[in-house]
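**Student:** Pasting model.pdb here (PDB, C-alpha atoms):
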ATOM      1  CA  ALA A   1     -25.286 -35.105   1.519  1.00  0.00           C
ATOM      2  CA  GLN A   2     -21.911 -33.481   1.600  1.00  0.00           C
ATOM      3  CA  SER A   3     -20.408 -32.321   4.868  1.00  0.00           C
ATOM      4  CA  VAL A   4     -17.186 -30.871   6.193  1.00  0.00           C
ATOM      5  CA  THR A   5     -15.835 -31.477   9.669  1.00  0.00           C
ATOM      6  CA  GLN A   6     -13.287 -29.340  11.411  1.00  0.00           C
ATOM      7  CA  PRO A   7     -12.830 -31.105  14.734  1.00  0.00           C
ATOM      8  CA  ASP A   8     -10.852 -28.350  16.447  1.00  0.00           C
ATOM      9  CA  ILE A   9     -12.947 -25.334  17.360  1.00  0.00           C
ATOM     10  CA  HIS A  10     -10.065 -23.451  18.971  1.00  0.00           C
ATOM     11  CA  ILE A  11      -6.302 -23.870  18.629  1.00  0.00           C
ATOM     12  CA  THR A  12      -3.588 -21.888  20.370  1.00  0.00           C
ATOM     13  CA  VAL A  13       0.013 -21.977  19.201  1.00  0.00           C
ATOM     14  CA  SER A  14       3.096 -19.991  20.032  1.00  0.00           C
ATOM     15  CA  GLU A  15       4.549 -17.698  17.435  1.00  0.00           C
ATOM     16  CA  GLY A  16       7.160 -19.566  15.433  1.00  0.00           C
ATOM     17  CA  ALA A  17       5.636 -22.958  16.153  1.00  0.00           C
ATOM     18  CA  SER A  18       4.242 -25.195  13.458  1.00  0.00           C
ATOM     19  CA  LEU A  19       0.525 -25.444  12.788  1.00  0.00           C
ATOM     20  CA  GLU A  20      -1.826 -28.091  11.484  1.00  0.00           C
ATOM     21  CA  LEU A  21      -5.564 -27.559  11.136  1.00  0.00           C
ATOM     22  CA  ARG A  22      -7.657 -30.617  10.438  1.00  0.00           C
ATOM     23  CA  CYS A  23     -10.405 -31.009   7.892  1.00  0.00           C
ATOM     24  CA  ASN A  24     -12.378 -34.092   6.931  1.00  0.00           C
ATOM     25  CA  TYR A  25     -15.103 -34.227   4.346  1.00  0.00           C
ATOM     26  CA  SER A  26     -17.899 -36.483   3.241  1.00  0.00           C
ATOM     27  CA  TYR A  27     -18.810 -36.367  -0.419  1.00  0.00           C
ATOM     28  CA  GLY A  28     -20.017 -38.720  -3.145  1.00  0.00           C
ATOM     29  CA  ALA A  29     -16.927 -38.144  -5.235  1.00  0.00           C
ATOM     30  CA  THR A  30     -13.661 -36.336  -4.740  1.00  0.00           C
ATOM     31  CA  PRO A  31     -14.749 -32.727  -4.443  1.00  0.00           C
ATOM     32  CA  TYR A  32     -12.842 -29.563  -5.005  1.00  0.00           C
ATOM     33  CA  LEU A  33     -11.287 -28.530  -1.699  1.00  0.00           C
ATOM     34  CA  PHE A  34     -10.576 -25.111  -0.280  1.00  0.00           C
ATOM     35  CA  TRP A  35      -9.189 -23.334   2.732  1.00  0.00           C
ATOM     36  CA  TYR A  36     -10.337 -19.821   3.536  1.00  0.00           C
ATOM     37  CA  VAL A  37      -9.223 -17.413   6.239  1.00  0.00           C
ATOM     38  CA  GLN A  38     -11.471 -14.849   7.894  1.00  0.00           C
ATOM     39  CA  SER A  39     -10.066 -12.023   9.970  1.00  0.00           C
ATOM     40  CA  PRO A  40     -12.397 -10.348  12.479  1.00  0.00           C
ATOM     41  CA  GLY A  41     -15.064  -8.281  10.763  1.00  0.00           C
ATOM     42  CA  GLN A  42     -13.757  -9.195   7.338  1.00  0.00           C
ATOM     43  CA  GLY A  43     -14.823 -11.379   4.460  1.00  0.00           C
ATOM     44  CA  LEU A  44     -13.196 -14.623   3.480  1.00  0.00           C
ATOM     45  CA  GLN A  45      -9.896 -14.825   1.664  1.00  0.00           C
ATOM     46  CA  LEU A  46      -8.895 -17.911  -0.280  1.00  0.00           C
ATOM     47  CA  LEU A  47      -5.673 -19.452   1.024  1.00  0.00           C
ATOM     48  CA  LEU A  48      -5.413 -22.392  -1.352  1.00  0.00           C
ATOM     49  CA  LYS A  49      -7.412 -24.895  -3.336  1.00  0.00           C
ATOM     50  CA  TYR A  50      -7.124 -28.451  -4.620  1.00  0.00           C
ATOM     51  CA  PHE A  51      -8.713 -29.650  -7.810  1.00  0.00           C
ATOM     52  CA  SER A  52      -6.554 -32.573  -8.927  1.00  0.00           C
ATOM     53  CA  GLY A  53      -2.939 -33.623  -9.437  1.00  0.00           C
ATOM     54  CA  ASP A  54      -0.244 -33.148  -6.839  1.00  0.00           C
ATOM     55  CA  THR A  55      -1.818 -33.804  -3.462  1.00  0.00           C
ATOM     56  CA  LEU A  56       0.341 -31.212  -1.703  1.00  0.00           C
ATOM     57  CA  VAL A  57      -0.768 -27.730  -2.642  1.00  0.00           C
ATOM     58  CA  GLN A  58       0.888 -24.464  -1.820  1.00  0.00           C
ATOM     59  CA  GLY A  59      -1.069 -21.362  -0.974  1.00  0.00           C
ATOM     60  CA  ILE A  60      -0.561 -17.796   0.042  1.00  0.00           C
ATOM     61  CA  LYS A  61       1.042 -16.597   3.255  1.00  0.00           C
ATOM     62  CA  GLY A  62       3.230 -19.693   3.524  1.00  0.00           C
ATOM     63  CA  PHE A  63       0.357 -22.138   3.966  1.00  0.00           C
ATOM     64  CA  GLU A  64       0.132 -25.565   2.394  1.00  0.00           C
ATOM     65  CA  ALA A  65      -2.390 -28.378   2.505  1.00  0.00           C
ATOM     66  CA  GLU A  66      -2.272 -32.067   1.750  1.00  0.00           C
ATOM     67  CA  PHE A  67      -5.119 -34.022   0.221  1.00  0.00           C
ATOM     68  CA  LYS A  68      -5.384 -37.613   1.425  1.00  0.00           C
ATOM     69  CA  ARG A  69      -8.060 -39.495  -0.448  1.00  0.00           C
ATOM     70  CA  SER A  70      -7.917 -42.566   1.801  1.00  0.00           C
ATOM     71  CA  GLN A  71      -8.650 -40.433   4.848  1.00  0.00           C
ATOM     72  CA  SER A  72     -10.998 -37.946   3.163  1.00  0.00           C
ATOM     73  CA  SER A  73      -8.847 -35.246   4.669  1.00  0.00           C
ATOM     74  CA  PHE A  74      -7.410 -31.932   3.575  1.00  0.00           C
ATOM     75  CA  ASN A  75      -5.331 -30.621   6.455  1.00  0.00           C
ATOM     76  CA  LEU A  76      -3.807 -27.179   6.445  1.00  0.00           C
ATOM     77  CA  ARG A  77      -0.253 -26.639   7.618  1.00  0.00           C
ATOM     78  CA  LYS A  78       2.249 -23.901   8.193  1.00  0.00           C
ATOM     79  CA  PRO A  79       5.824 -24.524   9.376  1.00  0.00           C
ATOM     80  CA  SER A  80       6.154 -21.337  11.415  1.00  0.00           C
ATOM     81  CA  VAL A  81       3.183 -19.313  12.556  1.00  0.00           C
ATOM     82  CA  HIS A  82       3.236 -15.514  12.698  1.00  0.00           C
ATOM     83  CA  TRP A  83       1.149 -13.434  15.085  1.00  0.00           C
ATOM     84  CA  SER A  84      -0.723 -12.019  12.079  1.00  0.00           C
ATOM     85  CA  ASP A  85      -2.040 -15.512  11.299  1.00  0.00           C
ATOM     86  CA  ALA A  86      -4.482 -15.275  14.185  1.00  0.00           C
ATOM     87  CA  ALA A  87      -7.890 -15.588  12.518  1.00  0.00           C
ATOM     88  CA  GLU A  88     -10.613 -18.097  11.806  1.00  0.00           C
ATOM     89  CA  TYR A  89      -9.947 -20.757   9.213  1.00  0.00           C
ATOM     90  CA  PHE A  90     -12.597 -22.497   7.186  1.00  0.00           C
ATOM     91  CA  CYS A  91     -12.324 -25.629   5.124  1.00  0.00           C
ATOM     92  CA  ALA A  92     -14.821 -25.932   2.266  1.00  0.00           C
ATOM     93  CA  VAL A  93     -15.778 -28.327  -0.503  1.00  0.00           C
ATOM     94  CA  GLY A  94     -17.361 -27.700  -3.859  1.00  0.00           C
ATOM     95  CA  PRO A  95     -18.802 -29.900  -6.602  1.00  0.00           C
ATOM     96  CA  PRO A  96     -16.175 -31.442  -8.831  1.00  0.00           C
ATOM     97  CA  ARG A  97     -15.977 -30.478 -12.437  1.00  0.00           C
ATOM     98  CA  ASN A  98     -17.444 -33.682 -13.799  1.00  0.00           C
ATOM     99  CA  ILE A  99     -20.698 -33.306 -11.953  1.00  0.00           C
ATOM    100  CA  LEU A 100     -23.065 -31.105 -13.839  1.00  0.00           C
ATOM    101  CA  THR A 101     -25.531 -29.708 -11.438  1.00  0.00           C
ATOM    102  CA  GLY A 102     -27.820 -26.777 -11.477  1.00  0.00           C
ATOM    103  CA  GLY A 103     -26.283 -25.561  -8.273  1.00  0.00           C
ATOM    104  CA  GLY A 104     -23.242 -23.981  -9.783  1.00  0.00           C
ATOM    105  CA  ASN A 105     -20.250 -23.972  -7.559  1.00  0.00           C
ATOM    106  CA  LYS A 106     -21.904 -23.584  -4.204  1.00  0.00           C
ATOM    107  CA  LEU A 107     -19.544 -24.326  -1.366  1.00  0.00           C
ATOM    108  CA  THR A 108     -20.128 -26.340   1.782  1.00  0.00           C
ATOM    109  CA  PHE A 109     -18.152 -25.027   4.735  1.00  0.00           C
ATOM    110  CA  GLY A 110     -16.939 -26.498   7.975  1.00  0.00           C
ATOM    111  CA  THR A 111     -17.701 -24.739  11.226  1.00  0.00           C
ATOM    112  CA  GLY A 112     -14.256 -23.189  11.375  1.00  0.00           C
ATOM    113  CA  THR A 113     -11.189 -23.285  13.607  1.00  0.00           C
ATOM    114  CA  GLN A 114     -10.296 -20.197  15.593  1.00  0.00           C
ATOM    115  CA  LEU A 115      -6.524 -19.787  15.737  1.00  0.00           C
ATOM    116  CA  LYS A 116      -4.907 -17.848  18.535  1.00  0.00           C
ATOM    117  CA  VAL A 117      -1.200 -17.062  18.416  1.00  0.00           C
ATOM    118  CA  GLU A 118       0.712 -16.463  21.618  1.00  0.00           C
ATOM    119  CA  LEU A 119       3.688 -14.154  21.471  1.00  0.00           C
TER     120      LEU A 119
ATOM    121  CA  ASN B   1     -10.413  -3.495  -9.791  1.00  0.00           C
ATOM    122  CA  ALA B   2     -12.670  -3.114  -6.793  1.00  0.00           C
ATOM    123  CA  GLY B   3     -13.624  -6.231  -4.923  1.00  0.00           C
ATOM    124  CA  VAL B   4     -17.081  -7.417  -4.038  1.00  0.00           C
ATOM    125  CA  MET B   5     -18.977  -4.644  -2.316  1.00  0.00           C
ATOM    126  CA  GLN B   6     -21.656  -5.173   0.262  1.00  0.00           C
ATOM    127  CA  ASN B   7     -23.741  -2.589   2.001  1.00  0.00           C
ATOM    128  CA  PRO B   8     -24.620  -1.801   4.565  1.00  0.00           C
ATOM    129  CA  ARG B   9     -21.831  -3.372   6.604  1.00  0.00           C
ATOM    130  CA  HIS B  10     -23.984  -3.323   9.712  1.00  0.00           C
ATOM    131  CA  LEU B  11     -27.743  -3.291   9.852  1.00  0.00           C
ATOM    132  CA  VAL B  12     -29.978  -3.145  12.888  1.00  0.00           C
ATOM    133  CA  ARG B  13     -33.639  -3.950  12.599  1.00  0.00           C
ATOM    134  CA  ARG B  14     -36.485  -4.495  15.042  1.00  0.00           C
ATOM    135  CA  ARG B  15     -38.569  -7.607  14.873  1.00  0.00           C
ATOM    136  CA  GLY B  16     -41.112  -7.384  12.091  1.00  0.00           C
ATOM    137  CA  GLN B  17     -39.189  -4.911   9.962  1.00  0.00           C
ATOM    138  CA  GLU B  18     -37.679  -5.605   6.573  1.00  0.00           C
ATOM    139  CA  ALA B  19     -33.974  -5.960   5.855  1.00  0.00           C
ATOM    140  CA  ARG B  20     -32.425  -5.300   2.458  1.00  0.00           C
ATOM    141  CA  LEU B  21     -28.871  -6.366   1.855  1.00  0.00           C
ATOM    142  CA  ARG B  22     -27.014  -5.313  -1.259  1.00  0.00           C
ATOM    143  CA  CYS B  23     -24.158  -6.928  -3.113  1.00  0.00           C
ATOM    144  CA  SER B  24     -22.245  -5.488  -6.039  1.00  0.00           C
ATOM    145  CA  PRO B  25     -20.132  -8.196  -7.682  1.00  0.00           C
ATOM    146  CA  MET B  26     -16.674  -7.644  -9.026  1.00  0.00           C
ATOM    147  CA  LYS B  27     -16.482  -6.083 -12.438  1.00  0.00           C
ATOM    148  CA  GLY B  28     -17.064  -8.679 -15.112  1.00  0.00           C
ATOM    149  CA  HIS B  29     -18.656 -11.173 -12.732  1.00  0.00           C
ATOM    150  CA  SER B  30     -22.150 -12.298 -13.570  1.00  0.00           C
ATOM    151  CA  HIS B  31     -22.640 -14.975 -10.909  1.00  0.00           C
ATOM    152  CA  VAL B  32     -23.570 -14.202  -7.324  1.00  0.00           C
ATOM    153  CA  TYR B  33     -23.848 -16.448  -4.294  1.00  0.00           C
ATOM    154  CA  TRP B  34     -25.291 -15.572  -0.896  1.00  0.00           C
ATOM    155  CA  TYR B  35     -24.191 -17.320   2.271  1.00  0.00           C
ATOM    156  CA  ARG B  36     -25.299 -16.914   5.867  1.00  0.00           C
ATOM    157  CA  GLN B  37     -23.063 -17.294   8.873  1.00  0.00           C
ATOM    158  CA  LEU B  38     -24.859 -17.810  12.152  1.00  0.00           C
ATOM    159  CA  PRO B  39     -22.941 -17.191  15.362  1.00  0.00           C
ATOM    160  CA  GLU B  40     -20.355 -19.904  16.056  1.00  0.00           C
ATOM    161  CA  GLU B  41     -21.101 -21.630  12.766  1.00  0.00           C
ATOM    162  CA  GLY B  42     -19.627 -21.870   9.301  1.00  0.00           C
ATOM    163  CA  LEU B  43     -21.096 -20.280   6.236  1.00  0.00           C
ATOM    164  CA  LYS B  44     -24.159 -21.909   4.759  1.00  0.00           C
ATOM    165  CA  PHE B  45     -25.195 -21.558   1.148  1.00  0.00           C
ATOM    166  CA  MET B  46     -28.466 -19.754   0.560  1.00  0.00           C
ATOM    167  CA  VAL B  47     -28.899 -18.916  -3.105  1.00  0.00           C
ATOM    168  CA  TYR B  48     -27.068 -18.751  -6.411  1.00  0.00           C
ATOM    169  CA  LEU B  49     -28.062 -16.207  -9.028  1.00  0.00           C
ATOM    170  CA  GLN B  50     -27.060 -15.116 -12.464  1.00  0.00           C
ATOM    171  CA  LYS B  51     -28.259 -11.913 -14.049  1.00  0.00           C
ATOM    172  CA  GLU B  52     -32.075 -11.903 -13.850  1.00  0.00           C
ATOM    173  CA  ASN B  53     -32.203 -15.587 -12.917  1.00  0.00           C
ATOM    174  CA  ILE B  54     -32.281 -17.587  -9.726  1.00  0.00           C
ATOM    175  CA  ILE B  55     -30.364 -20.763 -10.469  1.00  0.00           C
ATOM    176  CA  ASP B  56     -30.394 -22.523  -7.104  1.00  0.00           C
ATOM    177  CA  GLU B  57     -32.271 -21.407  -4.027  1.00  0.00           C
ATOM    178  CA  SER B  58     -32.094 -24.682  -2.179  1.00  0.00           C
ATOM    179  CA  GLY B  59     -30.572 -23.031   0.889  1.00  0.00           C
ATOM    180  CA  MET B  60     -33.113 -20.263   1.240  1.00  0.00           C
ATOM    181  CA  PRO B  61     -35.702 -20.436   4.004  1.00  0.00           C
ATOM    182  CA  LYS B  62     -39.082 -21.019   2.409  1.00  0.00           C
ATOM    183  CA  GLU B  63     -40.699 -17.947   3.870  1.00  0.00           C
ATOM    184  CA  ARG B  64     -39.732 -14.295   4.276  1.00  0.00           C
ATOM    185  CA  PHE B  65     -36.488 -14.551   2.273  1.00  0.00           C
ATOM    186  CA  SER B  66     -36.056 -13.572  -1.351  1.00  0.00           C
ATOM    187  CA  ALA B  67     -33.184 -12.662  -3.644  1.00  0.00           C
ATOM    188  CA  GLU B  68     -32.780 -10.986  -6.958  1.00  0.00           C
ATOM    189  CA  PHE B  69     -30.004  -9.998  -9.324  1.00  0.00           C
ATOM    190  CA  PRO B  70     -31.443  -7.556 -11.848  1.00  0.00           C
ATOM    191  CA  LYS B  71     -29.955  -6.761 -15.209  1.00  0.00           C
ATOM    192  CA  GLU B  72     -28.748  -3.462 -13.835  1.00  0.00           C
ATOM    193  CA  GLY B  73     -27.675  -2.819 -10.287  1.00  0.00           C
ATOM    194  CA  PRO B  74     -26.648  -4.915  -7.338  1.00  0.00           C
ATOM    195  CA  SER B  75     -27.987  -8.202  -6.120  1.00  0.00           C
ATOM    196  CA  ILE B  76     -30.471  -7.813  -3.273  1.00  0.00           C
ATOM    197  CA  LEU B  77     -31.193 -10.211  -0.452  1.00  0.00           C
ATOM    198  CA  ARG B  78     -34.475  -9.273   1.167  1.00  0.00           C
ATOM    199  CA  ILE B  79     -35.727 -10.501   4.514  1.00  0.00           C
ATOM    200  CA  GLN B  80     -39.275  -9.613   5.417  1.00  0.00           C
ATOM    201  CA  GLN B  81     -40.624  -9.483   8.959  1.00  0.00           C
ATOM    202  CA  VAL B  82     -37.278 -10.219  10.521  1.00  0.00           C
ATOM    203  CA  VAL B  83     -37.009 -12.309  13.671  1.00  0.00           C
ATOM    204  CA  ARG B  84     -34.190 -12.589  16.184  1.00  0.00           C
ATOM    205  CA  GLY B  85     -33.032 -15.823  14.594  1.00  0.00           C
ATOM    206  CA  ASP B  86     -32.183 -13.910  11.415  1.00  0.00           C
ATOM    207  CA  SER B  87     -29.333 -12.181  13.236  1.00  0.00           C
ATOM    208  CA  ALA B  88     -26.236 -13.304  11.382  1.00  0.00           C
ATOM    209  CA  ALA B  89     -23.530 -12.242   8.982  1.00  0.00           C
ATOM    210  CA  TYR B  90     -24.605 -12.436   5.361  1.00  0.00           C
ATOM    211  CA  PHE B  91     -21.868 -12.837   2.806  1.00  0.00           C
ATOM    212  CA  CYS B  92     -22.034 -12.379  -0.893  1.00  0.00           C
ATOM    213  CA  ALA B  93     -19.569 -13.946  -3.307  1.00  0.00           C
ATOM    214  CA  SER B  94     -19.176 -13.443  -7.033  1.00  0.00           C
ATOM    215  CA  SER B  95     -17.483 -15.427  -9.749  1.00  0.00           C
ATOM    216  CA  PRO B  96     -16.824 -14.680 -13.401  1.00  0.00           C
ATOM    217  CA  SER B  97     -18.548 -17.619 -15.082  1.00  0.00           C
ATOM    218  CA  ARG B  98     -19.417 -21.236 -14.707  1.00  0.00           C
ATOM    219  CA  ASP B  99     -18.670 -22.978 -18.001  1.00  0.00           C
ATOM    220  CA  PHE B 100     -16.958 -26.284 -17.407  1.00  0.00           C
ATOM    221  CA  SER B 101     -14.088 -25.014 -15.348  1.00  0.00           C
ATOM    222  CA  TYR B 102     -14.040 -23.992 -11.775  1.00  0.00           C
ATOM    223  CA  ASN B 103     -14.198 -20.297 -11.120  1.00  0.00           C
ATOM    224  CA  GLU B 104     -13.119 -18.964  -7.781  1.00  0.00           C
ATOM    225  CA  GLN B 105     -15.650 -17.182  -5.659  1.00  0.00           C
ATOM    226  CA  PHE B 106     -14.557 -13.833  -4.310  1.00  0.00           C
ATOM    227  CA  PHE B 107     -16.205 -12.869  -1.061  1.00  0.00           C
ATOM    228  CA  GLY B 108     -17.400  -9.508   0.102  1.00  0.00           C
ATOM    229  CA  PRO B 109     -16.890  -8.205   3.655  1.00  0.00           C
ATOM    230  CA  GLY B 110     -20.376  -9.207   4.704  1.00  0.00           C
ATOM    231  CA  THR B 111     -23.385  -7.482   6.216  1.00  0.00           C
ATOM    232  CA  ARG B 112     -23.902  -8.078   9.902  1.00  0.00           C
ATOM    233  CA  LEU B 113     -27.596  -8.040  10.669  1.00  0.00           C
ATOM    234  CA  THR B 114     -28.779  -7.588  14.229  1.00  0.00           C
ATOM    235  CA  VAL B 115     -32.451  -8.006  15.024  1.00  0.00           C
ATOM    236  CA  LEU B 116     -33.563  -6.425  18.282  1.00  0.00           C
TER     237      LEU B 116
END
So, in terms of structure tokens, how does the structure I just supplied come out?
**Tutor:**
Amino acid sequence: AQSVTQPDIHITVSEGASLELRCNYSYGATPYLFWYVQSPGQGLQLLLKYFSGDTLVQGIKGFEAEFKRSQSSFNLRKPSVHWSDAAEYFCAVGPPRNILTGGGNKLTFGTGTQLKVEL
Amino acid sequence: NAGVMQNPRHLVRRRGQEARLRCSPMKGHSHVYWYRQLPEEGLKFMVYLQKENIIDESGMPKERFSAEFPKEGPSILRIQQVVRGDSAAYFCASSPSRDFSYNEQFFGPGTRLTVL
């Protein structure tokens, strides 16, 4: 069964510092990979996604993520964090295009990483 | 173009009552997913529906939970005889189509259910 692990439950960084959030997955094939951000009381917003091709993907708000097949990882990075980035971040996987399942595109999420930004 | 709408945003029920959660997908979207987020956990898939059809309900608890997406109107997630363990945030997501390409899911703001 597929699973997503986000080993860091909480991370605190200073504003302006760099950020890396870790994500590892377990899946039968290379899945589609996603990072979502959830602000308090809000729904989820897609930051970026990886389907295939270039393993470094750029997203919104200055975020990027790198897919490493050998490590089954998809870590999220940002060179300089802003106070407004404080939120919860979720890594998720979805079935790849070449798997035809009746389940549509249901996503499997990690447990999230809560990011706190110190001014 | 309005996003995914969910109502109510907050719902309080006493044990044994029924909870009805509504989700209106984005315009032009015919696929709806429901996810549940328990406290301190990630979102977990519950059910995937298309208009008038349940496609995958593998994440739905076997009892008390049901979902529908009628031809007209919003998708409804119904929880009968709620228990304290049902307290969670319930998120709906919609996507435009499935086909053979990946279609992004757009999430609503969620309904936070509290069972007293």
**Student:** Identify every residue of chain B that has at least one atom within 6 Å of any atom of chain A, counting only C-alpha atoms, and report the result as a list in words.
**Tutor:**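 In the required form, that comes to Glu41, Gly42, Leu43, Asp56, Phe107, Gly108, Pro109 and Gly110 of chain B.
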**Student:** I need the output of the PyMOL selection byres ((chain A and resi 20) around 12) for this file as a ChimeraX atom specification; which residues are they?
**Tutor:** /A:6-8,11-13,17-19,21-23,63-66,74-81,89,113,115
**Student:** Could you list, as a ChimeraX atom specification, every residue matched by the PyMOL selection byres ((chain B and resi 91) around 6) in this structure?
**Tutor:** /B:34-35,90,92,110
**Student:** Run through the PyMOL selection byres ((chain B and resi 33) around 7) on the given coordinates and return the selected residues as a list of chain:residue names.
**Tutor:**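 That selection, the PyMOL selection byres ((chain B and resi 33) around 7), comes back as B:His31, B:Val32, B:Trp34, B:Tyr35, B:Val47, B:Tyr48, B:Leu49, B:Cys92, B:Ala93, B:Ser94.
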**Student:** Neighbouring residues of region 67-73 of chain A were defined as those with any atom within 7 Å, considering all atoms listed in the file; residues of the same chain fewer than 4 positions away were excluded. Please report them as an MDAnalysis selection string.
**Tutor:** chainID A and resid 23:25 55:56
**Student:** Would you list the contacts of Gly28 (chain B) as a PyMOL selection string, taking every protein, DNA or RNA residue within 12 Å and counting only C-alpha atoms, but skipping same-chain residues closer than 6 positions in sequence?
**Tutor:** chain B and resi 1-4+51+94-97
**Student:** Which residues are near Met46 (chain B)? Cut-off 7 Å, all atoms listed in the file, ignore same chain within fewer than 4 positions. Put them as a list in words.
**Tutor:**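 Neighbouring residues, sequence-local ones excluded: Trp34, Tyr35, Arg36, Glu57, Ser58, Gly59 and Met60 of chain B.
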**Student:** With C-alpha atoms kept, could you save the residues just selected as a PDB file, in the frame of the given file?
**Tutor:**
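File written: selection01.pdb
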ATOM      1  CA  TRP B  34     -25.291 -15.572  -0.896  1.00  0.00           C
ATOM      2  CA  TYR B  35     -24.191 -17.320   2.271  1.00  0.00           C
ATOM      3  CA  ARG B  36     -25.299 -16.914   5.867  1.00  0.00           C
ATOM      4  CA  GLU B  57     -32.271 -21.407  -4.027  1.00  0.00           C
ATOM      5  CA  SER B  58     -32.094 -24.682  -2.179  1.00  0.00           C
ATOM      6  CA  GLY B  59     -30.572 -23.031   0.889  1.00  0.00           C
ATOM      7  CA  MET B  60     -33.113 -20.263   1.240  1.00  0.00           C
TER       8      MET B  60
END
**Student:** Could you work out how far CA of Ser52 (chain A) lies from CA of Glu88 (chain A), giving the answer in Å with one decimal?
**Tutor:**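 Result for CA of Glu88 (chain A) versus CA of Ser52 (chain A): 25.6 Å, one decimal.
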**Student:** Which centre and which edge lengths, in Å to one decimal, describe the axis-aligned box that holds all listed atoms of region 33-36 of chain B after 4 Å is added on each side, as JSON?
**Tutor:**
{"center_x": -24.6, "center_y": -16.4, "center_z": 0.8, "size_x": 9.5, "size_y": 9.7, "size_z": 18.2}
**Student:** For CA of Pro74 (chain B) and CA of Thr114 (chain B), quote the distance in Å rounded to one decimal.
**Tutor:**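 Going from CA of Pro74 (chain B) over to CA of Thr114 (chain B) covers 21.8 Å.
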**Student:** So the first atom is CA of Pro39 (chain B) and the second is CA of Arg14 (chain B); what is the distance between them in Å, to one decimal place?
**Tutor:**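 If I compute the distance from CA of Pro39 (chain B) to CA of Arg14 (chain B), I get 18.6 Å.
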**Student:** From the list B:Arg15, B:His10, B:Arg64, B:Lys71, which residue is nearest Arg84 (chain B) when using only C-alpha atoms?
**Tutor:**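 Result for the nearest residue to Arg84 (chain B): B:Arg15.
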